[in-house]
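Novice: Handing over run_25.tsv, TSV, C-alpha atoms and all ligand atoms.
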chain	number	residue	atom	x	y	z
A	1	MET	CA	0.19	21.84	-27.07
A	2	LEU	CA	-1.48	18.49	-26.60
A	3	TYR	CA	1.03	15.66	-26.48
A	4	ALA	CA	4.83	15.72	-26.65
A	5	LYS	CA	6.29	15.90	-30.16
A	6	THR	CA	9.00	13.26	-29.80
A	7	THR	CA	7.96	9.88	-31.20
A	8	ALA	CA	8.21	6.69	-29.18
A	9	ALA	CA	10.84	5.33	-31.60
A	10	GLN	CA	12.99	8.42	-31.06
A	11	LYS	CA	12.60	8.24	-27.27
A	12	ARG	CA	13.91	4.66	-27.37
A	13	ILE	CA	16.93	5.74	-29.42
A	14	ASP	CA	17.48	8.59	-26.95
A	15	LEU	CA	17.30	6.20	-23.99
A	16	ARG	CA	19.90	3.91	-25.55
A	17	SER	CA	22.30	6.77	-26.13
A	18	LYS	CA	21.70	8.23	-22.66
A	19	LEU	CA	22.57	4.86	-21.14
A	20	ASN	CA	25.76	4.74	-23.22
A	21	SER	CA	26.76	8.28	-22.29
A	22	GLY	CA	28.75	7.30	-19.22
A	23	LYS	CA	26.70	9.85	-17.23
A	24	LEU	CA	24.27	8.77	-14.51
A	25	GLN	CA	20.69	9.16	-15.74
A	26	GLN	CA	18.16	10.37	-13.16
A	27	PHE	CA	14.57	9.15	-13.58
A	28	PRO	CA	12.12	10.48	-10.96
A	29	GLY	CA	8.79	8.64	-10.74
A	30	ALA	CA	5.83	10.53	-12.21
A	31	PHE	CA	2.63	10.04	-10.23
A	32	ASN	CA	0.51	11.44	-13.05
A	33	PRO	CA	0.95	12.95	-16.54
A	34	LEU	CA	1.26	16.48	-15.13
A	35	SER	CA	4.16	15.51	-12.89
A	36	ALA	CA	5.90	14.00	-15.95
A	37	LYS	CA	5.79	17.49	-17.48
A	38	LEU	CA	7.32	18.89	-14.32
A	39	ILE	CA	10.12	16.29	-14.41
A	40	GLN	CA	10.97	17.36	-17.97
A	41	ASP	CA	10.71	21.04	-17.07
A	42	LYS	CA	13.22	20.58	-14.26
A	43	GLY	CA	15.78	19.07	-16.62
A	44	PHE	CA	15.75	15.39	-15.68
A	45	ASP	CA	16.85	12.64	-18.06
A	46	GLY	CA	13.75	10.48	-18.06
A	47	VAL	CA	10.53	9.49	-16.34
A	48	TYR	CA	9.95	6.38	-14.25
A	49	ILE	CA	6.46	4.88	-13.97
A	50	SER	CA	6.25	2.97	-10.71
A	51	GLY	CA	4.03	0.01	-9.92
A	52	ALA	CA	3.95	1.07	-6.28
A	53	VAL	CA	2.69	4.53	-7.29
A	54	LEU	CA	0.12	3.20	-9.75
A	55	SER	CA	-1.30	0.85	-7.11
A	56	ALA	CA	-1.25	3.53	-4.40
A	57	ASP	CA	-2.99	5.92	-6.78
A	58	LEU	CA	-5.84	3.41	-6.98
A	59	GLY	CA	-5.81	3.11	-3.18
A	60	LEU	CA	-4.33	-0.39	-3.42
A	61	PRO	CA	-1.20	-2.00	-1.92
A	62	ASP	CA	1.63	-2.95	-4.29
A	63	ILE	CA	0.97	-6.70	-4.35
A	64	GLY	CA	0.29	-7.36	-8.01
A	65	LEU	CA	-3.39	-6.39	-8.02
A	66	THR	CA	-3.17	-4.01	-10.98
A	67	THR	CA	-3.87	-5.43	-14.44
A	68	LEU	CA	-1.89	-5.05	-17.65
A	69	THR	CA	-4.68	-2.94	-19.13
A	70	GLU	CA	-4.66	-0.55	-16.16
A	71	VAL	CA	-0.90	-0.17	-16.09
A	72	ALA	CA	-0.51	0.20	-19.86
A	73	GLY	CA	-3.34	2.74	-19.97
A	74	ARG	CA	-1.86	4.92	-17.25
A	75	ALA	CA	1.69	4.52	-18.57
A	76	LYS	CA	0.51	5.73	-21.98
A	77	GLN	CA	-1.14	8.80	-20.46
A	78	ILE	CA	2.10	9.64	-18.65
A	79	ALA	CA	4.55	8.80	-21.47
A	80	ARG	CA	2.75	10.86	-24.11
A	81	MET	CA	3.01	14.09	-22.08
A	82	THR	CA	6.81	14.13	-22.10
A	83	ASP	CA	9.58	14.17	-24.69
A	84	LEU	CA	11.71	12.20	-22.25
A	85	PRO	CA	11.98	8.42	-22.44
A	86	ALA	CA	9.70	6.72	-19.91
A	87	ILE	CA	10.38	3.34	-18.31
A	88	VAL	CA	7.54	1.36	-16.78
A	89	ASP	CA	7.52	-1.13	-13.93
A	90	ALA	CA	5.95	-4.26	-15.43
A	91	ASP	CA	6.11	-6.20	-12.13
A	92	THR	CA	6.32	-9.93	-12.93
A	93	GLY	CA	5.12	-9.39	-16.50
A	94	PHE	CA	1.42	-10.03	-15.80
A	95	GLY	CA	1.48	-13.81	-16.12
A	96	GLU	CA	3.30	-16.66	-17.83
A	97	PRO	CA	5.97	-16.06	-20.52
A	98	MET	CA	3.31	-15.74	-23.23
A	99	ASN	CA	1.62	-12.99	-21.16
A	100	VAL	CA	5.00	-11.34	-20.67
A	101	ALA	CA	5.36	-11.24	-24.46
A	102	ARG	CA	1.96	-9.59	-24.80
A	103	SER	CA	2.83	-7.10	-22.06
A	104	VAL	CA	5.92	-6.02	-23.98
A	105	GLN	CA	3.90	-5.35	-27.12
A	106	GLU	CA	1.23	-3.46	-25.17
A	107	PHE	CA	3.89	-1.24	-23.61
A	108	GLU	CA	5.51	-0.68	-27.01
A	109	ASP	CA	2.14	0.42	-28.36
A	110	ALA	CA	1.67	2.66	-25.31
A	111	GLY	CA	4.81	4.61	-26.28
A	112	LEU	CA	7.13	3.47	-23.50
A	113	ALA	CA	10.90	3.40	-24.02
A	114	GLY	CA	11.37	0.29	-21.92
A	115	LEU	CA	10.24	-1.75	-18.94
A	116	HIS	CA	11.50	-3.98	-16.18
A	117	ILE	CA	10.32	-7.45	-15.31
A	118	GLU	CA	11.15	-9.02	-11.97
A	119	ASP	CA	11.77	-12.55	-10.73
A	120	GLN	CA	9.42	-12.52	-7.74
A	121	ILE	CA	6.66	-15.08	-7.37
A	122	ASN	CA	3.06	-13.93	-7.55
A	123	PRO	CA	1.64	-12.33	-5.48
A	124	LYS	CA	4.65	-10.03	-5.55
A	125	ARG	CA	5.40	-7.37	-2.98
A	126	CYS	CA	7.46	-4.24	-2.63
A	127	GLY	CA	11.12	-5.15	-3.14
A	128	HIS	CA	12.09	-3.45	0.12
A	129	LEU	CA	9.80	-5.52	2.35
A	130	ASP	CA	10.75	-8.74	4.13
A	131	GLY	CA	9.36	-12.15	3.27
A	132	LYS	CA	9.77	-11.98	-0.51
A	133	ALA	CA	10.10	-15.15	-2.58
A	134	VAL	CA	11.63	-15.51	-6.03
A	135	VAL	CA	10.97	-17.96	-8.86
A	136	ASP	CA	13.66	-20.48	-9.87
A	137	LEU	CA	16.32	-19.37	-12.31
A	138	ASN	CA	14.77	-21.14	-15.29
A	139	THR	CA	11.41	-19.41	-14.84
A	140	ALA	CA	13.15	-16.04	-14.43
A	141	LEU	CA	15.13	-16.55	-17.63
A	142	LYS	CA	12.03	-17.60	-19.60
A	143	ARG	CA	10.30	-14.32	-18.65
A	144	ILE	CA	13.21	-12.30	-20.01
A	145	ARG	CA	13.65	-14.43	-23.15
A	146	ALA	CA	9.94	-14.08	-23.92
A	147	ALA	CA	10.14	-10.31	-23.41
A	148	ALA	CA	13.20	-9.89	-25.62
A	149	ASP	CA	11.71	-12.04	-28.41
A	150	ALA	CA	8.37	-10.22	-28.34
A	151	ARG	CA	9.54	-6.67	-28.94
A	152	ARG	CA	9.13	-5.27	-32.44
A	153	ASP	CA	11.34	-2.23	-31.91
A	154	GLU	CA	14.88	-3.44	-31.22
A	155	ASN	CA	15.52	-0.26	-29.21
A	156	PHE	CA	12.74	-1.00	-26.69
A	157	LEU	CA	14.69	-1.63	-23.49
A	158	ILE	CA	14.12	-4.92	-21.66
A	159	MET	CA	15.46	-4.61	-18.15
A	160	ALA	CA	15.60	-7.61	-15.83
A	161	ARG	CA	15.03	-6.93	-12.15
A	162	THR	CA	16.23	-9.49	-9.66
A	163	ASP	CA	14.97	-9.60	-6.09
A	164	VAL	CA	17.18	-12.56	-5.22
A	165	ALA	CA	19.70	-10.60	-3.09
A	166	ALA	CA	17.21	-10.21	-0.22
A	167	VAL	CA	16.49	-13.95	-0.24
A	168	GLU	CA	19.86	-15.56	-1.04
A	169	GLY	CA	22.44	-12.75	-0.79
A	170	THR	CA	24.52	-10.60	-3.12
A	171	ALA	CA	26.54	-13.50	-4.60
A	172	ALA	CA	23.30	-15.11	-5.80
A	173	ALA	CA	22.23	-11.78	-7.30
A	174	VAL	CA	25.52	-11.57	-9.19
A	175	ASN	CA	25.00	-15.04	-10.68
A	176	ARG	CA	21.42	-14.33	-11.57
A	177	ALA	CA	22.30	-11.00	-13.17
A	178	LYS	CA	24.82	-12.72	-15.46
A	179	ALA	CA	22.30	-15.38	-16.50
A	180	LEU	CA	19.59	-12.74	-17.13
A	181	VAL	CA	21.93	-10.85	-19.44
A	182	ASP	CA	22.68	-14.08	-21.32
A	183	ALA	CA	18.92	-14.61	-21.68
A	184	GLY	CA	18.57	-11.24	-23.42
A	185	ALA	CA	18.29	-8.54	-20.74
A	186	ASP	CA	19.53	-5.14	-21.98
A	187	ALA	CA	19.95	-3.81	-18.43
A	188	ILE	CA	19.87	-5.06	-14.83
A	189	PHE	CA	17.93	-3.74	-11.83
A	190	PRO	CA	19.38	-5.37	-8.71
A	191	GLU	CA	16.68	-4.77	-6.09
A	192	ALA	CA	17.20	-3.91	-2.40
A	193	MET	CA	20.97	-3.51	-2.45
A	194	HIS	CA	22.21	-2.45	0.97
A	195	THR	CA	25.61	-0.94	0.26
A	196	LEU	CA	27.64	0.62	-2.54
A	197	ALA	CA	29.79	-2.52	-2.43
A	198	ASP	CA	26.67	-4.56	-3.37
A	199	PHE	CA	26.18	-2.35	-6.42
A	200	GLU	CA	29.86	-2.66	-7.26
A	201	ALA	CA	29.65	-6.46	-7.20
A	202	ILE	CA	26.89	-6.37	-9.82
A	203	ARG	CA	28.81	-3.76	-11.84
A	204	ASN	CA	31.85	-5.99	-12.01
A	205	ALA	CA	29.77	-8.97	-13.13
A	206	VAL	CA	27.89	-7.57	-16.16
A	207	GLU	CA	28.60	-5.18	-19.02
A	208	VAL	CA	25.05	-3.85	-19.46
A	209	PRO	CA	23.61	-0.71	-17.82
A	210	ILE	CA	22.61	-1.02	-14.14
A	211	LEU	CA	19.75	0.73	-12.35
A	212	ALA	CA	19.80	1.81	-8.70
A	213	ASN	CA	16.50	2.18	-6.83
A	214	MET	CA	16.68	5.05	-4.34
A	215	THR	CA	13.31	4.52	-2.71
A	216	GLU	CA	12.76	6.08	0.72
A	217	PHE	CA	12.12	4.10	3.90
A	218	GLY	CA	13.58	0.97	2.25
A	219	LYS	CA	16.64	-1.24	2.52
A	220	SER	CA	19.08	0.97	0.61
A	221	GLU	CA	20.74	4.01	2.02
A	222	LEU	CA	19.84	7.05	-0.10
A	223	PHE	CA	23.09	7.34	-2.03
A	224	THR	CA	23.84	10.54	-3.92
A	225	ALA	CA	24.19	10.74	-7.68
A	226	GLU	CA	27.91	11.18	-7.20
A	227	GLN	CA	28.21	8.04	-5.05
A	228	LEU	CA	26.23	5.98	-7.55
A	229	SER	CA	28.26	7.29	-10.50
A	230	GLY	CA	31.37	6.42	-8.56
A	231	VAL	CA	30.48	2.71	-8.61
A	232	GLY	CA	29.49	2.77	-12.29
A	233	ILE	CA	25.69	2.90	-11.99
A	234	ASN	CA	24.00	4.15	-15.18
A	235	MET	CA	20.50	5.02	-14.06
A	236	VAL	CA	18.84	5.93	-10.78
A	237	ILE	CA	15.12	5.98	-10.04
A	238	TYR	CA	13.32	7.93	-7.31
A	239	PRO	CA	10.15	5.92	-7.80
A	240	VAL	CA	7.75	7.06	-5.09
A	241	THR	CA	9.48	10.32	-4.09
A	242	LEU	CA	7.10	12.77	-5.77
A	243	LEU	CA	3.99	10.92	-4.61
A	244	ARG	CA	5.29	10.87	-1.05
A	245	SER	CA	6.11	14.61	-1.24
A	246	ALA	CA	2.73	15.50	-2.73
A	247	MET	CA	0.82	13.34	-0.25
A	248	GLY	CA	2.86	14.76	2.65
A	249	ALA	CA	1.92	18.28	1.52
A	250	ALA	CA	-1.73	17.25	1.05
A	251	GLU	CA	-1.90	15.86	4.59
A	252	ARG	CA	-0.43	19.02	6.07
A	253	THR	CA	-2.82	21.25	4.12
A	254	LEU	CA	-5.85	19.21	5.23
A	255	GLU	CA	-4.70	19.52	8.83
A	256	THR	CA	-4.29	23.28	8.38
A	257	ILE	CA	-7.84	23.66	7.06
A	258	ARG	CA	-9.18	21.60	9.98
A	259	ALA	CA	-7.24	23.61	12.54
A	260	ALA	CA	-7.47	27.15	11.09
A	261	GLY	CA	-10.79	26.92	9.28
A	262	THR	CA	-9.02	28.19	6.13
A	263	GLN	CA	-6.24	27.05	3.82
A	264	GLN	CA	-4.69	30.53	3.96
A	265	PRO	CA	-1.53	29.55	5.95
A	266	ALA	CA	-0.81	26.82	3.38
A	267	VAL	CA	-1.18	28.95	0.23
A	268	ALA	CA	2.46	30.08	0.19
A	269	GLU	CA	3.55	26.44	-0.23
A	270	MET	CA	1.20	25.77	-3.13
A	271	GLN	CA	1.97	25.71	-6.83
A	272	THR	CA	0.38	28.91	-8.12
A	273	ARG	CA	-2.31	29.11	-10.75
A	274	ALA	CA	0.14	30.86	-13.07
A	275	ARG	CA	2.73	28.08	-12.71
A	276	LEU	CA	0.13	25.38	-13.32
A	277	TYR	CA	-1.05	27.19	-16.45
A	278	GLU	CA	2.54	27.50	-17.62
A	279	LEU	CA	3.05	23.74	-17.22
A	280	VAL	CA	-0.08	22.85	-19.20
A	281	ASP	CA	0.77	25.56	-21.80
A	282	TYR	CA	-2.51	27.38	-21.37
A	283	GLU	CA	-1.11	30.23	-23.48
A	284	GLY	CA	-0.46	27.87	-26.40
A	285	TYR	CA	-4.09	26.72	-26.43
A	286	ASN	CA	-5.23	30.31	-26.17
A	287	ARG	CA	-3.15	31.29	-29.22
A	288	PHE	CA	-4.57	28.35	-31.15
A	289	ASP	CA	-8.09	29.36	-30.16
A	290	SER	CA	-7.54	32.98	-31.24
A	291	ALA	CA	-6.00	31.84	-34.52
A	292	VAL	CA	-9.11	29.77	-35.29
A	293	PHE	CA	-11.47	32.64	-34.52
A	294	ASN	CA	-9.32	35.02	-36.54
A	295	PHE	CA	-9.26	32.76	-39.55
A	296	SER	CA	-10.89	34.22	-42.65
A	297	ALA	CA	-11.00	32.57	-46.07
A	298	PRO	CA	-9.59	34.44	-49.12
A	299	GLN	CA	-12.27	36.63	-50.74
A	300	GLN	CA	-12.52	34.73	-54.07
A	301	PHE	CA	-13.12	31.49	-52.12
A	302	VAL	CA	-15.95	33.12	-50.15
A	303	THR	CA	-17.54	34.43	-53.38
A	304	GLN	CA	-17.47	30.94	-54.93
A	305	LEU	CA	-18.97	29.45	-51.80
A	306	GLU	CA	-21.76	32.00	-51.63
A	307	GLY	CA	-23.40	30.44	-54.68
A	308	GLN	CA	-23.62	27.07	-52.97
A	309	SER	CA	-26.83	25.99	-51.34
A	310	ASP	CA	-25.48	24.64	-48.03
A	311	LEU	CA	-23.93	28.01	-47.32
A	312	LYS	CA	-27.26	29.71	-48.00
A	313	ALA	CA	-28.94	27.24	-45.68
A	314	ASN	CA	-26.30	27.76	-42.97
A	315	PRO	CA	-24.76	31.23	-43.04
A	316	ASN	CA	-22.65	30.32	-39.97
A	317	LEU	CA	-20.32	28.41	-42.33
A	318	LYS	CA	-19.01	31.79	-43.46
A	319	ALA	CA	-15.66	32.68	-41.91
A	320	ASN	CA	-16.05	34.91	-38.90
A	321	PRO	CA	-13.59	37.80	-38.97
A	322	ASP	CA	-14.15	38.72	-35.30
A	323	SER	CA	-11.45	37.57	-32.96
A	324	LYS	CA	-12.55	36.06	-29.68
A	325	GLU	CA	-10.02	35.90	-26.87
A	326	SER	CA	-10.54	33.49	-24.01
A	327	ASP	CA	-9.71	34.69	-20.56
A	328	ILE	CA	-6.90	32.54	-19.25
A	329	ASN	CA	-7.36	33.82	-15.75
A	330	GLY	CA	-10.87	32.44	-15.61
B	1	LIG	C1	10.54	0.34	-7.55
B	1	LIG	C2	9.25	-0.25	-7.11
B	1	LIG	O1	9.12	-1.52	-7.69
B	1	LIG	C3	8.07	0.59	-7.61
B	1	LIG	O2	7.02	-0.01	-7.83
B	1	LIG	O3	8.21	1.79	-7.71
B	1	LIG	C4	9.10	-0.34	-5.56
B	1	LIG	C5	9.30	0.97	-4.85
B	1	LIG	C6	8.82	0.99	-3.40
B	1	LIG	O4	7.88	0.28	-3.05
B	1	LIG	O5	9.35	1.79	-2.64
B	1	LIG	C7	10.05	-1.43	-5.04
B	1	LIG	O6	9.63	-2.61	-5.01
B	1	LIG	O7	11.17	-1.12	-4.69
B	2	MG	MG	7.28	-2.07	-8.33
What does the file become when written as C-alpha cells?
Ligand SMILES: C[C@](O)(C(=O)O)[C@H](CC(=O)O)C(=O)O
Ligand SMILES: [Mg+2]
Specialist:
Amino acid sequence: MLYAKTTAAQKRIDLRSKLNSGKLQQFPGAFNPLSAKLIQDKGFDGVYISGAVLSADLGLPDIGLTTLTEVAGRAKQIARMTDLPAIVDADTGFGEPMNVARSVQEFEDAGLAGLHIEDQINPKRCGHLDGKAVVDLNTALKRIRAAADARRDENFLIMARTDVAAVEGTAAAVNRAKALVDAGADAIFPEAMHTLADFEAIRNAVEVPILANMTEFGKSELFTAEQLSGVGINMVIYPVTLLRSAMGAAERTLETIRAAGTQQPAVAEMQTRARLYELVDYEGYNRFDSAVFNFSAPQQFVTQLEGQSDLKANPNLKANPDSKESDING
C-alpha cells in the first residue's frame, strides 16, 4: 500500500550492485508513477525518468523548458512508487555548476538512485536530432565535478552523458568519456551512437558502466539486449517507448470512437479494471479499511474511557464493532 517500502539509500546500493553484476540492466522509461509500478511488475531492473517524456507530458518540446522543481517533483512521484532504482535525466543540470550541485541534492532528496548530466549547450535538444552543439571540455568537466562533490550519499550515481559524437565523431566521444570519468563520473552515457562498434570504442576506453539509449526513430539501430551485452554495455534505456505505445493506442481508440460512435471495438486492447486495481493494490487498501472499521478496544480500556467527559460529549469516539466493507468494483 501507499509507497514502495525500499528506501532511497537501499535503492542506490542495489543500483551499484546491479551495475557490477556483469548482466545488462534494462530500464524502461516510466511516463507516470503507475507505469513505474508496471515496469516493476514485469520484472525489469530499474526505471528511467526521461526528460523527453516529462516535457511531452506537459505538451512541451524537449528543449530545456522544464524547471528543476518540475522535474524533481515528477521524478519523486515516480521513484516512490517502485522498489526499483530510478535514474533521472537531469538534462544540462539546470544551470551553472553551482545549480548542478543543487540539482544533485534535490534529486537525492526526491529519492532517485542517480542521474545523468549532459554536455550540450542551452537550449538543449533531443540527442537524436541534428544541429546539436556541445560546451567545451572544461565546462563539461566542471558540471560533473560539481555534481560529484555535491552528493551526500556516496552511492548516488552521477552519470555523464556526452553528445559530442554527433558533432565531432566517435574518437572525440572516446576522449571526452575518459576525461569525464577522471572528473568524477561513475558511468558514461554516450549519446546517439550509430553502430555497435561505436559502443565498443567507448567500452574499450573506460572502466565504468556504460548506458545505451535505445530510443525509437533516432540515430541508433534498435539493438537487442544480447547485442548490447555482447559489446559490454551495462545498462539500456527505452526512454520514450511506453509513452509512444500508450499515445499510439490512445490515438487509435479516439479514431475508433469517432468512426464507430463507440469505443466497443477497442475494449479488447484495454487494460481491464481488474488489472488496474491489481496494480494499485486496491485489495490492500480495502483490507486496511476493513481492519480499521473492525477495530475494537479491549473492554477494560472502554470502561475507563466511559468515565471521561469527552467521551460522554462525543459518543462516536467509542470503538465501532461493525465491519464496513467497501465495494472494490464500484
Ligand atoms: C534519452 C533522452 O534524453 C530522454 O529525454 O529520454 C532523449 C530521448 C529521445 O528524445 O528520444 C534523447 O535525447 O535521446
Ligand atoms: Mg533527455
Novice: Residues of chain A within 10 Å of ligand MG 2 (chain B): nearest atom pair and distance (Å, one decimal) for each, counting only C-alpha atoms and all ligand atoms, sorted by chain and number, as a Markdown table?
Specialist:
| residue | atom | partner | partner_atom | distance |
| --- | --- | --- | --- | --- |
| A:Ile49 | CA | B:MG2 | MG | 9.0 |
| A:Ser50 | CA | B:MG2 | MG | 5.7 |
| A:Gly51 | CA | B:MG2 | MG | 4.2 |
| A:Ala52 | CA | B:MG2 | MG | 5.0 |
| A:Val53 | CA | B:MG2 | MG | 8.1 |
| A:Leu54 | CA | B:MG2 | MG | 9.0 |
| A:Ser55 | CA | B:MG2 | MG | 9.1 |
| A:Asp62 | CA | B:MG2 | MG | 7.0 |
| A:Ile63 | CA | B:MG2 | MG | 8.8 |
| A:Gly64 | CA | B:MG2 | MG | 8.8 |
| A:Val88 | CA | B:MG2 | MG | 9.1 |
| A:Asp89 | CA | B:MG2 | MG | 5.7 |
| A:Ala90 | CA | B:MG2 | MG | 7.5 |
| A:Asp91 | CA | B:MG2 | MG | 5.7 |
| A:Thr92 | CA | B:MG2 | MG | 9.2 |
| A:His116 | CA | B:MG2 | MG | 9.1 |
| A:Ile117 | CA | B:MG2 | MG | 9.3 |
| A:Glu118 | CA | B:MG2 | MG | 8.7 |
| A:Lys124 | CA | B:MG2 | MG | 8.8 |
| A:Arg125 | CA | B:MG2 | MG | 7.8 |
| A:Cys126 | CA | B:MG2 | MG | 6.1 |
| A:Gly127 | CA | B:MG2 | MG | 7.2 |
| A:His128 | CA | B:MG2 | MG | 9.8 |
| A:Arg161 | CA | B:MG2 | MG | 9.9 |
| A:Pro239 | CA | B:MG2 | MG | 8.5 |
| A:Val240 | CA | B:MG2 | MG | 9.7 |
Novice: If we count only C-alpha atoms and set the cut-off at 6 Å, which residues sit around segment 131-143 of chain A, ignoring sequence neighbours fewer than 3 positions away in its own chain? Please answer as a compact mmCIF listing (two decimals) with C-alpha atoms, keeping the file's coordinate frame.
Specialist:
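Just written: part.txt:
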# COMPACT_ATOMS: atom_id res chain seq x y z
CA PRO A 97 5.97 -16.06 -20.52
CA ASP A 119 11.77 -12.55 -10.73
CA GLN A 120 9.42 -12.52 -7.74
CA ILE A 121 6.66 -15.08 -7.37
CA ALA A 146 9.94 -14.08 -23.92
CA LEU A 180 19.59 -12.74 -17.13
CA ALA A 183 18.92 -14.61 -21.68
Novice: Nearest to Val71 of chain A: which of A:Ala185, A:Ala36, A:Val208, A:Leu112 is it, counting all atoms listed in the file?
Specialist: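 Smallest distance to Val71 of chain A is found for A:Leu112.
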Novice: Could you tell me how far atom CA of Gln271 of chain A lies from atom CA of Thr253 of chain A, in Å and to one decimal?
Specialist: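 It comes out at 12.8 Å.
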Novice: Have a look at atom CA of Ala150 of chain A and atom CA of Gln77 of chain A and let me know their distance in Å, one decimal.
Specialist: 22.7 Å
Novice: Around (14.2, -0.5, -26.6), as given in the file, which residues come within 8 Å? Count all atoms listed in the file and list them as a ChimeraX atom specification.
Specialist: /A:12-13,15-16,113-114,153-158
Novice: At what distance in Å, to one decimal, does atom CA of Asn99 of chain A lie from atom CA of Glu191 of chain A?
Specialist: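 Taking atom CA of Glu191 of chain A and atom CA of Asn99 of chain A, their separation equals 22.8 Å.
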Novice: My list of candidates is A:Glu70, A:Asp163, A:Asp109, A:Asp198. Which is closest to ligand LIG 1 (chain B) when distances are computed with all atoms listed in the file?
Specialist: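 With all atoms listed in the file as the atom set, the closest residue is A:Asp163.
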Novice: Here is a test: counting all atoms listed in the file, which residue of A:Tyr3, A:Tyr282, A:Phe293, A:Tyr238 is nearest to Phe31 of chain A?
Specialist: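 Closest candidate: A:Tyr238.
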Novice: Excluding Ser220 of chain A and residues on its chain fewer than 6 positions from it, collect all residues at most 9 Å away from it, counting only C-alpha atoms, and give them as a list of chain:residue names.
Specialist: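 In the requested format, the answer is A:His128, A:Ala192, A:Met193, A:His194, A:Thr195, A:Asn213, A:Met214.
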Novice: Smallest atom-to-atom distance to ligand LIG 1 (chain B): which of A:Ala147, A:Val167, A:Ala56, A:Ala205, using only C-alpha atoms and all ligand atoms?
Specialist: A:Ala56
Novice: Nearest to ligand LIG 1 (chain B): which of A:Lys219, A:Ile257, A:Ser229, A:Ala297 is it, counting only C-alpha atoms and all ligand atoms?
Specialist: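 For ligand LIG 1 (chain B), the nearest of the candidates is A:Lys219.
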Novice: Find, counting all atoms listed in the file, the residue in A:Asp149, A:Asp57, A:Glu96, A:Asp45 that gets nearest to ligand LIG 1 (chain B).
Specialist: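 Using all atoms listed in the file, the shortest distance to ligand LIG 1 (chain B) belongs to A:Asp57.
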Novice: What are the centre and the three edge lengths of an axis-aligned box that wraps all atoms of segment 25-41 of chain A in the file, given that 3 Å is added to every side, written as JSON and rounded to one decimal in Å?
Specialist:
{"center_x": 10.6, "center_y": 14.8, "center_z": -14.1, "size_x": 26.2, "size_y": 18.4, "size_z": 13.7}
